[in-house]
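Student: Input file: protein-v5.cif. Contents: mmCIF, C-alpha atoms.
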data_query
loop_
_atom_site.label_atom_id
_atom_site.label_comp_id
_atom_site.auth_asym_id
_atom_site.auth_seq_id
_atom_site.Cartn_x
_atom_site.Cartn_y
_atom_site.Cartn_z
CA MET A 1 32.00 -36.79 -59.64
CA PRO A 2 34.57 -39.34 -58.60
CA LYS A 3 37.54 -38.01 -56.84
CA VAL A 4 40.78 -38.03 -58.66
CA LYS A 5 42.79 -40.80 -57.13
CA LEU A 6 46.22 -39.66 -56.18
CA HIS A 7 48.83 -41.96 -57.50
CA ARG A 8 51.15 -42.80 -54.69
CA SER A 9 54.49 -44.10 -55.74
CA SER A 10 56.12 -46.65 -53.58
CA PRO A 11 59.00 -45.34 -51.48
CA ARG A 12 60.90 -48.48 -52.24
CA LEU A 13 63.86 -48.31 -54.52
CA ASP A 14 64.85 -51.21 -56.62
CA MET A 15 68.30 -51.94 -55.30
CA THR A 16 69.04 -54.95 -57.47
CA PRO A 17 71.34 -53.24 -59.99
CA MET A 18 73.25 -51.54 -57.22
CA VAL A 19 73.76 -54.82 -55.41
CA ASP A 20 74.83 -56.43 -58.66
CA LEU A 21 77.40 -53.77 -59.21
CA ALA A 22 78.62 -53.84 -55.63
CA PHE A 23 79.14 -57.58 -55.68
CA LEU A 24 80.80 -57.42 -59.05
CA LEU A 25 83.33 -54.96 -57.64
CA VAL A 26 83.76 -56.98 -54.44
CA THR A 27 84.50 -60.06 -56.47
CA PHE A 28 86.95 -58.17 -58.65
CA PHE A 29 88.88 -56.74 -55.72
CA MET A 30 88.84 -59.99 -53.83
CA LEU A 31 90.32 -61.83 -56.74
CA THR A 32 92.92 -59.22 -57.61
CA THR A 33 94.13 -58.54 -54.09
CA LYS A 34 97.15 -60.49 -53.11
CA PHE A 35 97.69 -60.29 -49.42
CA ARG A 36 101.20 -59.42 -48.58
CA PRO A 37 102.76 -61.75 -46.03
CA GLU A 38 103.37 -60.00 -42.76
CA ALA A 39 106.72 -58.26 -42.64
CA THR A 40 109.24 -59.97 -40.41
CA ILE A 41 111.40 -56.88 -40.18
CA THR A 42 109.98 -53.39 -40.24
CA VAL A 43 111.88 -50.78 -42.15
CA ASP A 44 111.43 -47.04 -42.20
CA GLU A 45 112.47 -46.00 -45.68
CA PRO A 46 114.05 -42.61 -46.34
CA SER A 47 111.94 -40.02 -48.15
CA THR A 48 112.88 -38.50 -51.47
CA GLN A 49 111.52 -35.77 -53.65
CA THR A 50 112.09 -37.56 -56.92
CA SER A 51 110.91 -41.05 -57.60
CA ILE A 52 109.51 -43.32 -60.23
CA GLN A 53 106.68 -45.76 -59.88
CA ARG A 54 106.77 -49.04 -61.59
CA ALA A 55 104.89 -52.28 -61.28
CA ASP A 56 106.39 -54.28 -58.47
CA LYS A 57 106.41 -57.53 -60.37
CA ASN A 58 109.57 -59.57 -60.61
CA LEU A 59 111.24 -57.68 -57.82
CA PHE A 60 114.04 -58.99 -55.64
CA GLN A 61 114.19 -56.92 -52.49
CA ILE A 62 117.15 -56.73 -50.19
CA ILE A 63 115.95 -55.36 -46.89
CA ILE A 64 118.41 -53.70 -44.55
CA GLY A 65 117.23 -53.11 -41.01
CA LYS A 66 118.18 -50.36 -38.62
CA ASP A 67 120.37 -52.81 -36.73
CA GLY A 68 122.19 -53.99 -39.85
CA ARG A 69 120.32 -57.25 -40.30
CA VAL A 70 119.85 -58.17 -43.94
CA PHE A 71 116.74 -59.91 -45.28
CA PHE A 72 115.54 -60.65 -48.74
CA ASP A 73 112.19 -61.10 -50.39
CA VAL A 74 111.39 -62.13 -53.93
CA ASP A 75 108.22 -62.38 -55.97
CA GLY A 76 106.98 -65.43 -57.72
CA LYS A 77 106.19 -68.83 -56.27
CA PHE A 78 107.95 -70.61 -59.09
CA THR A 79 111.11 -68.52 -58.72
CA ARG A 80 111.23 -69.13 -54.99
CA GLN A 81 110.77 -72.84 -55.37
CA HIS A 82 113.65 -73.00 -57.83
CA MET A 83 115.82 -70.96 -55.49
CA ILE A 84 115.36 -73.16 -52.45
CA GLU A 85 115.89 -76.34 -54.45
CA ASN A 86 119.15 -75.02 -55.86
CA ILE A 87 120.30 -73.79 -52.46
CA ALA A 88 119.57 -77.20 -50.95
CA GLU A 89 121.67 -78.80 -53.65
CA ARG A 90 124.53 -76.39 -53.24
CA TYR A 91 124.64 -76.56 -49.44
CA LYS A 92 124.00 -80.31 -49.41
CA ILE A 93 121.06 -80.06 -47.07
CA SER A 94 117.50 -81.19 -47.58
CA PHE A 95 114.20 -79.53 -46.85
CA THR A 96 110.89 -81.20 -46.20
CA PRO A 97 108.10 -80.61 -48.74
CA GLN A 98 106.33 -78.51 -46.10
CA GLN A 99 109.40 -76.30 -45.67
CA ILE A 100 109.71 -75.85 -49.42
CA GLU A 101 106.01 -74.99 -49.57
CA ASN A 102 106.41 -72.40 -46.79
CA PHE A 103 109.39 -70.86 -48.54
CA SER A 104 107.62 -70.68 -51.89
CA ALA A 105 104.52 -69.09 -50.40
CA GLY A 106 106.36 -65.83 -49.95
CA GLY A 107 107.61 -63.57 -47.21
CA GLN A 108 110.86 -62.12 -46.07
CA ILE A 109 113.74 -64.48 -45.39
CA GLY A 110 116.32 -63.49 -42.81
CA VAL A 111 118.25 -66.38 -41.36
CA PRO A 112 121.44 -68.32 -42.21
CA ILE A 113 120.84 -71.27 -44.51
CA SER A 114 121.86 -73.76 -41.79
CA GLN A 115 118.88 -72.65 -39.68
CA LEU A 116 116.49 -72.06 -42.58
CA GLY A 117 114.61 -75.36 -42.36
CA ASN A 118 113.49 -74.94 -38.76
CA TRP A 119 112.93 -71.23 -39.22
CA LEU A 120 110.47 -71.84 -42.06
CA MET A 121 108.22 -73.82 -39.71
CA LEU A 122 107.91 -70.95 -37.23
CA LYS A 123 104.87 -68.72 -36.91
CA SER A 124 105.20 -65.18 -38.18
CA ASP A 125 105.12 -63.76 -34.65
CA ALA A 126 108.06 -65.89 -33.61
CA LYS A 127 110.01 -64.78 -36.67
CA LYS A 128 109.78 -61.16 -35.58
CA ASP A 129 112.17 -61.78 -32.70
CA PRO A 130 115.58 -60.34 -33.69
CA LYS A 131 117.26 -63.20 -31.82
CA VAL A 132 115.44 -65.70 -34.02
CA SER A 133 115.72 -63.89 -37.33
CA ILE A 134 119.35 -62.90 -37.12
CA GLY A 135 119.64 -61.90 -40.77
CA ILE A 136 121.47 -63.31 -43.74
CA PRO A 137 125.26 -63.50 -43.33
CA ILE A 138 127.06 -61.06 -45.61
CA ASP A 139 130.60 -61.29 -44.22
CA SER A 140 133.25 -61.94 -46.79
CA ALA A 141 134.02 -65.29 -45.13
CA ASN A 142 130.42 -66.46 -45.22
CA ASN A 143 128.45 -64.55 -47.79
CA GLU A 144 125.11 -66.29 -48.23
CA LEU A 145 123.40 -63.28 -49.76
CA LYS A 146 125.60 -63.72 -52.79
CA ASP A 147 124.42 -67.31 -53.19
CA TRP A 148 120.79 -66.31 -52.86
CA LEU A 149 121.29 -63.62 -55.49
CA LEU A 150 122.96 -66.09 -57.79
CA MET A 151 120.14 -68.61 -57.37
CA ALA A 152 117.57 -65.90 -57.99
CA ARG A 153 119.36 -65.01 -61.20
CA TYR A 154 119.29 -68.62 -62.35
CA ALA A 155 115.65 -69.02 -61.43
CA ASN A 156 114.34 -65.87 -63.07
CA GLY A 157 116.36 -63.80 -65.50
CA GLU A 158 113.83 -60.98 -65.54
CA LEU A 159 114.17 -60.06 -61.90
CA ARG A 160 114.91 -56.48 -60.96
CA TYR A 161 116.97 -55.94 -57.86
CA SER A 162 116.16 -53.41 -55.22
CA ILE A 163 117.43 -52.24 -51.88
CA LYS A 164 114.95 -51.31 -49.20
CA GLY A 165 116.94 -49.89 -46.36
CA ASP A 166 116.05 -48.28 -43.10
CA ARG A 167 116.98 -44.63 -43.02
CA ASP A 168 119.33 -45.24 -40.10
CA ALA A 169 121.02 -48.30 -41.52
CA ASN A 170 124.76 -47.85 -41.59
CA TYR A 171 126.30 -47.21 -44.98
CA LYS A 172 128.90 -49.92 -44.43
CA VAL A 173 126.21 -52.60 -44.65
CA VAL A 174 124.69 -50.92 -47.70
CA LYS A 175 128.11 -50.86 -49.31
CA LYS A 176 128.56 -54.60 -48.74
CA VAL A 177 125.17 -55.30 -50.29
CA ILE A 178 125.99 -53.16 -53.32
CA ASP A 179 129.34 -54.93 -53.66
CA ASP A 180 127.49 -58.26 -53.69
CA LEU A 181 125.14 -57.02 -56.38
CA GLN A 182 128.06 -55.89 -58.48
CA ASP A 183 129.97 -59.10 -57.91
CA GLU A 184 131.46 -60.72 -60.99
CA ALA A 185 129.02 -63.62 -60.94
CA ILE A 186 125.94 -61.50 -60.39
CA ARG A 187 126.66 -58.26 -62.20
CA VAL A 188 123.74 -56.12 -61.27
CA ASN A 189 124.81 -52.55 -61.91
CA ASN A 190 121.37 -51.14 -62.35
CA PHE A 191 119.17 -51.38 -59.31
CA ILE A 192 116.38 -49.68 -57.47
CA LEU A 193 116.25 -47.94 -54.13
CA ILE A 194 112.83 -48.20 -52.53
CA THR A 195 111.87 -44.93 -50.92
CA ASN A 196 108.99 -43.00 -49.50
CA MET A 197 107.59 -39.93 -51.14
CA LYS A 198 108.23 -36.70 -49.32
CA ASP A 199 104.94 -35.12 -48.39
CA ASP A 200 105.76 -31.51 -49.07
CA GLY A 201 103.15 -30.82 -51.74
CA LYS A 202 105.74 -30.41 -54.46
CA LYS A 203 105.11 -32.07 -57.73
CA PRO A 204 107.63 -34.85 -58.09
CA ALA A 205 110.05 -34.52 -60.94
CA SER A 206 109.47 -37.77 -62.72
CA LYS A 207 112.35 -39.34 -64.45
CA MET B 1 58.29 -54.09 -62.17
CA SER B 2 55.91 -51.49 -60.87
CA GLU B 3 53.14 -54.06 -60.77
CA ILE B 4 54.88 -56.06 -58.15
CA SER B 5 55.72 -53.14 -55.95
CA ASP B 6 52.30 -51.46 -56.06
CA SER B 7 49.82 -54.15 -55.27
CA GLY B 8 50.05 -57.33 -53.34
CA GLY B 9 47.56 -59.29 -55.45
CA GLY B 10 45.87 -59.12 -58.85
CA GLY B 11 43.99 -55.88 -59.55
CA ASN B 12 40.86 -57.03 -61.34
CA LYS B 13 39.92 -59.79 -59.03
CA LYS B 14 38.52 -57.43 -56.39
CA HIS B 15 35.56 -56.50 -58.55
CA GLN B 16 34.49 -60.03 -59.04
CA GLY B 17 34.10 -60.58 -55.31
CA LYS B 18 36.10 -63.75 -55.19
CA VAL B 19 37.96 -64.86 -52.09
CA LYS B 20 41.20 -63.04 -52.04
CA GLN B 21 44.18 -65.26 -51.87
CA LYS B 22 46.86 -64.11 -49.51
CA LYS B 23 50.05 -63.60 -51.39
CA SER B 24 53.21 -62.90 -49.47
CA SER B 25 55.39 -60.16 -50.82
CA THR B 26 58.23 -61.20 -53.05
CA HIS B 27 60.41 -58.48 -51.67
CA ILE B 28 63.46 -59.27 -49.60
CA ASP B 29 65.00 -56.54 -47.55
CA MET B 30 68.35 -56.13 -49.22
CA THR B 31 69.72 -53.40 -46.98
CA PRO B 32 71.97 -55.60 -44.79
CA MET B 33 73.33 -57.32 -47.86
CA VAL B 34 74.11 -54.00 -49.48
CA ASP B 35 75.75 -52.83 -46.27
CA LEU B 36 77.96 -55.86 -46.21
CA ALA B 37 78.78 -55.60 -49.90
CA PHE B 38 79.88 -52.01 -49.58
CA LEU B 39 81.86 -52.73 -46.44
CA LEU B 40 83.83 -55.41 -48.27
CA LEU B 41 84.15 -53.20 -51.30
CA THR B 42 85.62 -50.37 -49.23
CA PHE B 43 88.00 -52.74 -47.50
CA PHE B 44 89.37 -54.20 -50.72
CA ILE B 45 89.68 -50.83 -52.42
CA MET B 46 91.58 -49.43 -49.46
CA THR B 47 93.97 -52.34 -49.19
CA THR B 48 94.86 -52.56 -52.87
CA ALA B 49 95.24 -48.99 -54.02
CA PHE B 50 97.98 -47.78 -51.70
CA SER B 51 100.44 -50.59 -51.73
CA ARG B 52 102.72 -49.66 -54.63
CA PRO B 53 106.12 -48.54 -53.43
CA HIS B 54 108.08 -45.56 -54.65
CA MET B 55 111.42 -46.23 -56.15
CA MET B 56 114.57 -44.56 -57.28
CA GLU B 57 116.72 -46.09 -59.93
CA ILE B 58 120.50 -45.91 -59.86
CA VAL B 59 123.05 -47.21 -62.28
CA LEU B 60 126.63 -47.85 -61.26
CA PRO B 61 129.55 -48.54 -63.56
CA ASP B 62 130.50 -52.15 -64.12
CA LYS B 63 133.32 -53.11 -61.78
CA ASN B 64 134.54 -56.11 -63.68
CA LYS B 65 138.02 -55.93 -65.02
CA GLU B 66 137.37 -56.89 -68.62
CA HIS B 67 135.10 -53.88 -69.05
CA LEU B 68 137.43 -51.53 -67.31
CA THR B 69 138.96 -48.99 -69.61
CA GLU B 70 141.28 -46.22 -68.61
CA PRO B 71 139.04 -43.35 -67.49
CA PRO B 72 139.52 -40.18 -69.49
CA PRO B 73 141.67 -37.66 -67.66
CA VAL B 74 139.64 -35.10 -65.78
CA ASN B 75 140.86 -31.71 -64.80
CA PRO B 76 140.67 -31.77 -60.98
CA SER B 77 139.42 -28.19 -60.93
CA ARG B 78 136.06 -29.13 -62.37
CA VAL B 79 135.43 -31.82 -59.78
CA LEU B 80 133.32 -31.16 -56.70
CA ILE B 81 133.87 -33.76 -54.02
CA LEU B 82 131.17 -34.46 -51.47
CA LEU B 83 132.03 -36.53 -48.41
CA LEU B 84 129.06 -37.86 -46.47
CA GLY B 85 129.81 -37.74 -42.77
CA ASP B 86 127.95 -38.73 -39.65
CA SER B 87 124.95 -36.87 -38.17
CA ASP B 88 123.67 -35.59 -41.53
CA LYS B 89 126.71 -33.57 -42.48
CA ILE B 90 128.22 -33.17 -45.91
CA TYR B 91 131.85 -32.13 -46.18
CA TRP B 92 132.81 -30.76 -49.55
CA TYR B 93 135.91 -29.47 -51.27
CA ARG B 94 137.41 -28.62 -54.60
CA THR B 95 141.06 -28.86 -55.21
CA ASP B 96 143.38 -27.92 -58.03
CA ASP B 97 146.10 -30.27 -56.97
CA PRO B 98 145.11 -33.67 -55.54
CA ALA B 99 148.51 -33.99 -53.83
CA ILE B 100 147.84 -31.17 -51.38
CA PRO B 101 145.45 -32.05 -48.55
CA PRO B 102 142.28 -30.08 -49.21
CA LYS B 103 140.45 -27.79 -46.86
CA LEU B 104 136.99 -29.05 -46.06
CA ASN B 105 133.79 -27.06 -45.85
CA VAL B 106 130.75 -28.38 -44.08
CA THR B 107 127.09 -28.16 -44.99
CA ASP B 108 123.90 -30.19 -44.54
CA PHE B 109 121.07 -31.71 -46.55
CA SER B 110 118.72 -28.74 -46.26
CA GLU B 111 117.72 -26.59 -49.21
CA ALA B 112 119.87 -23.77 -47.91
CA GLY B 113 122.78 -26.17 -47.54
CA ILE B 114 123.90 -28.56 -50.23
CA ARG B 115 121.60 -27.16 -52.90
CA GLN B 116 123.18 -23.73 -52.61
CA VAL B 117 126.67 -25.22 -52.60
CA ILE B 118 126.00 -27.19 -55.76
CA ALA B 119 124.43 -24.19 -57.50
CA ALA B 120 127.30 -21.87 -56.53
CA GLN B 121 130.03 -24.33 -57.47
CA ASN B 122 128.29 -25.13 -60.71
CA ARG B 123 128.32 -21.44 -61.63
CA LEU B 124 132.02 -21.11 -60.77
CA ILE B 125 133.00 -24.21 -62.70
CA LEU B 126 130.91 -23.20 -65.72
CA GLN B 127 132.89 -19.95 -65.90
CA LEU B 128 136.14 -21.90 -66.01
CA PHE B 129 134.95 -24.70 -68.28
CA PRO B 130 131.99 -23.34 -70.26
CA ASP B 131 131.63 -26.41 -72.45
CA LYS B 132 132.11 -29.16 -69.88
CA GLY B 133 130.52 -28.23 -66.60
CA MET B 134 130.80 -29.77 -63.20
CA LEU B 135 131.55 -33.35 -62.20
CA ILE B 136 130.46 -34.47 -58.74
CA LEU B 137 132.09 -37.30 -56.83
CA ILE B 138 130.10 -38.70 -53.94
CA LYS B 139 132.05 -40.47 -51.24
CA PRO B 140 129.97 -41.88 -48.41
CA GLY B 141 132.01 -42.10 -45.22
CA GLU B 142 132.10 -44.77 -42.54
CA GLY B 143 129.66 -43.01 -40.28
CA SER B 144 127.08 -42.12 -42.91
CA LYS B 145 123.64 -43.66 -42.95
CA TYR B 146 121.58 -45.19 -45.75
CA LYS B 147 119.38 -42.09 -45.61
CA ASP B 148 122.34 -39.85 -46.52
CA PHE B 149 123.15 -42.06 -49.47
CA VAL B 150 119.57 -41.92 -50.78
CA ASP B 151 119.26 -38.21 -50.05
CA ILE B 152 122.35 -37.28 -52.03
CA PHE B 153 121.12 -39.20 -55.08
CA ASP B 154 117.77 -37.51 -54.67
CA GLU B 155 119.55 -34.17 -54.54
CA MET B 156 121.38 -35.02 -57.78
CA ASN B 157 118.03 -35.73 -59.42
CA VAL B 158 116.45 -32.56 -58.07
CA ASP B 159 119.36 -30.39 -59.16
CA LYS B 160 119.57 -32.16 -62.53
CA VAL B 161 123.30 -32.69 -62.13
CA GLY B 162 124.44 -34.38 -65.32
CA THR B 163 127.58 -36.17 -64.27
CA TYR B 164 128.07 -37.66 -60.87
CA ALA B 165 129.64 -40.82 -59.59
CA MET B 166 129.91 -42.75 -56.39
CA VAL B 167 133.45 -43.48 -55.31
CA ASP B 168 134.98 -45.15 -52.27
CA ILE B 169 136.28 -42.78 -49.65
CA THR B 170 140.02 -42.66 -48.99
CA PRO B 171 141.51 -42.97 -45.49
CA THR B 172 142.96 -39.45 -45.84
CA GLU B 173 139.51 -38.05 -46.38
CA GLU B 174 138.12 -39.99 -43.39
CA ASP B 175 140.88 -38.44 -41.27
CA LEU B 176 140.12 -34.97 -42.55
CA MET B 177 136.47 -35.41 -41.65
CA LYS B 178 137.33 -36.57 -38.15
CA LYS B 179 139.70 -33.66 -37.60
CA TYR B 180 137.20 -31.12 -38.77
CA HIS B 181 135.34 -30.92 -35.45
#
Mind turning this structure into structure tokens?
Tutor:
Amino acid sequence: MPKVKLHRSSPRLDMTPMVDLAFLLVTFFMLTTKFRPEATITVDEPSTQTSIQRADKNLFQIIIGKDGRVFFDVDGKFTRQHMIENIAERYKISFTPQQIENFSAGGQIGVPISQLGNWLMLKSDAKKDPKVSIGIPIDSANNELKDWLLMARYANGELRYSIKGDRDANYKVVKKVIDDLQDEAIRVNNFILITNMKDDGKKPASK
Amino acid sequence: MSEISDSGGGGNKKHQGKVKQKKSSTHIDMTPMVDLAFLLLTFFIMTTAFSRPHMMEIVLPDKNKEHLTEPPPVNPSRVLILLLGDSDKIYWYRTDDPAIPPKLNVTDFSEAGIRQVIAAQNRLILQLFPDKGMLILIKPGEGSKYKDFVDIFDEMNVDKVGTYAMVDITPTEEDLMKKYH
């Protein structure tokens, strides 16, 4: 009598579908990820217990550092390109195509307009030096933030304005920024404070 | 599928005694590729998911003159005034007569501090004005930090205070805060 042949199944697994799926996801995430340009100024935001979450599209951020330096950042390549062209016209200065390209690519801007052209050609490490990136002037005599806000308004009417301040930033600077936002020409009375979520396990009261 | 994985060559040909052709396996070891794919996958998932910021929305009254109407008169007794001082202190007072310099009380941002003050004052004011309730004026002082400003708005949201407003501080109030020490 012939022996019953034991059927041995191969220990190999067909991994093809898994690989397909993995690469599909990799492709998806690679295409949807937009790398954020490296922050020129680091800010430690205050924590709150209540907060809302919204899509951070069309956001104009005013960044206030611990030392009172003011930066801004705005989404949208097209918006940014419009802004720098209008600023160049208003301040009667010209930028090279490379400088305009660097500005439009994104990132935080924190330098007076007179130095902007050279500043845009710097590497991101060099920009981190507080002596290089001295912040945007917001004195009443020379208020460039107001001009940037105005240009942003012209360039994109759907922008939302937000303040991202360091927890130890002095209120006087914050007050000046809010006054600029509420200026007659700009009229932003409804804005957003960017915060951290307090990690105390409480359910946030959404609003 | 199983045919490929079980036998290297054709099954029947053995019995016919023909010369067996060597066939190399069609399998490729996919393990390193899968490793790499999942590494990338993990990286992109990690970097995308946690980047949305938290936000708090505030609305301030329009400052432009053409919109400015005479504010309705408010009984000063239903107003609680919070002055934000330096080193995380809140000075607060209520006054019946704005002409008399008020006496300040001090508290802090903890749950036992400002939250209790607001709750207690709210109860007192509700007894006096059952249909109106409390009105809070927030006046950030010269020495206050951005954190204090955000924290007090957060506190308003947590306490569900209906009516509050941010107002500029007066020099008298700055003086009172300085003298408090």
Student: Could you expand the PyMOL selection byres ((chain A) within 7 of (chain B)) into the explicit residues it covers here, written as JSON, numbers by chain?
Tutor: {"A": [10, 19, 22, 23, 25, 26, 29, 30, 33, 46, 48, 49, 50, 51, 52, 53, 165, 166, 167, 168, 169, 170, 171, 172, 174, 182, 184, 189, 190, 191, 192, 193, 194, 195, 196, 197]}
Student: In Å to one decimal, how far is CA of Gln127 (chain B) from CA of Ile100 (chain B)?
Tutor: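 For CA of Ile100 (chain B) relative to CA of Gln127 (chain B), the distance reads 23.7 Å.
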Student: Could you tell me how far CA of Ser114 (chain A) lies from CA of Ser94 (chain A), in Å and to one decimal?
Tutor: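 That distance, rounded to one decimal, is 10.4 Å.
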Student: Determine, using only C-alpha atoms, which residues of region 43-117 of chain B have any atom at most 10 Å from an atom of region 170-177 of chain B, and tabulate each with its shortest atom pair and distance in Å to one decimal place, rows ordered by chain and then rising number, as a Markdown table.
Tutor:
| residue | atom | partner | partner_atom | distance |
| --- | --- | --- | --- | --- |
| B:Leu83 | CA | B:Glu173 | CA | 7.9 |
| B:Leu84 | CA | B:Met177 | CA | 9.2 |
| B:Gly85 | CA | B:Met177 | CA | 7.1 |
| B:Asp86 | CA | B:Met177 | CA | 9.4 |
| B:Lys89 | CA | B:Met177 | CA | 10.0 |
| B:Ile90 | CA | B:Met177 | CA | 9.6 |
| B:Tyr91 | CA | B:Met177 | CA | 7.3 |
| B:Trp92 | CA | B:Met177 | CA | 9.9 |
| B:Pro101 | CA | B:Thr172 | CA | 8.3 |
| B:Pro102 | CA | B:Leu176 | CA | 8.5 |
| B:Lys103 | CA | B:Leu176 | CA | 8.4 |
| B:Leu104 | CA | B:Leu176 | CA | 7.6 |
| B:Asn105 | CA | B:Met177 | CA | 9.7 |
| B:Val106 | CA | B:Met177 | CA | 9.4 |
Student: Keeping only C-alpha atoms, write those residues as a PDB file, keeping the file's coordinate frame.
Tutor:
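Okay, selection_10.pdb is ready:
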ATOM      1  CA  LEU B  83     132.030 -36.530 -48.410  1.00  0.00           C
ATOM      2  CA  LEU B  84     129.060 -37.860 -46.470  1.00  0.00           C
ATOM      3  CA  GLY B  85     129.810 -37.740 -42.770  1.00  0.00           C
ATOM      4  CA  ASP B  86     127.950 -38.730 -39.650  1.00  0.00           C
ATOM      5  CA  LYS B  89     126.710 -33.570 -42.480  1.00  0.00           C
ATOM      6  CA  ILE B  90     128.220 -33.170 -45.910  1.00  0.00           C
ATOM      7  CA  TYR B  91     131.850 -32.130 -46.180  1.00  0.00           C
ATOM      8  CA  TRP B  92     132.810 -30.760 -49.550  1.00  0.00           C
ATOM      9  CA  PRO B 101     145.450 -32.050 -48.550  1.00  0.00           C
ATOM     10  CA  PRO B 102     142.280 -30.080 -49.210  1.00  0.00           C
ATOM     11  CA  LYS B 103     140.450 -27.790 -46.860  1.00  0.00           C
ATOM     12  CA  LEU B 104     136.990 -29.050 -46.060  1.00  0.00           C
ATOM     13  CA  ASN B 105     133.790 -27.060 -45.850  1.00  0.00           C
ATOM     14  CA  VAL B 106     130.750 -28.380 -44.080  1.00  0.00           C
TER      15      VAL B 106
END
Student: One decimal, in Å: what's the spacing between CA of Asn58 (chain A) and CA of Gly106 (chain A)?
Tutor: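 Pair CA of Asn58 (chain A) / CA of Gly106 (chain A) returns 12.8 Å.
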Student: Find the residues around Leu122 (chain A) up to 10 Å (all atoms listed in the file counted), leave out those fewer than 4 positions away in its own chain, and share them as a PyMOL selection string.
Tutor: chain A and resi 102+117-118+126-127+132
Student: For Val43 (chain A), which residue out of A:Ile178, A:Met83, A:Met151, A:Ile163 is the nearest one, using only C-alpha atoms?
Tutor: A:Ile163
Student: For the structure provided, state which residues fall under the PyMOL selection byres ((chain B and resi 96) around 6), and present them as a ChimeraX atom specification.
Tutor: /B:76-77,95,97
Student: Name the residues, using the chain letters and numbers of the file, that sit within 9 Å of (109.1, -62.2, -49.4) when counting only C-alpha atoms, and give them as a ChimeraX atom specification.
Tutor: /A:36-37,39,60-61,71-75,103-109
Student: Here is a test: counting all atoms listed in the file, which residue of B:Leu137, B:Ile118, B:Tyr180, B:Ala112 is nearest to Val79 (chain B)?
Tutor: B:Leu137
Student: Expanded to explicit residues, what is the PyMOL selection byres ((chain A and resi 67-70) around 7) for this file, as a PyMOL selection string?
Tutor: chain A and resi 62-66+71-72+110+134-136+169-170+173
Student: Within 8 Å of Leu80 (chain B), counting all atoms listed in the file, which residues show up once you throw out same-chain ones fewer than 6 positions away? Write them as a list of chain:residue names, please.
Tutor: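 Selected residues are B:Trp92, B:Tyr93, B:Arg94, B:Gln121, B:Met134, B:Leu135, B:Ile136, B:Leu137.
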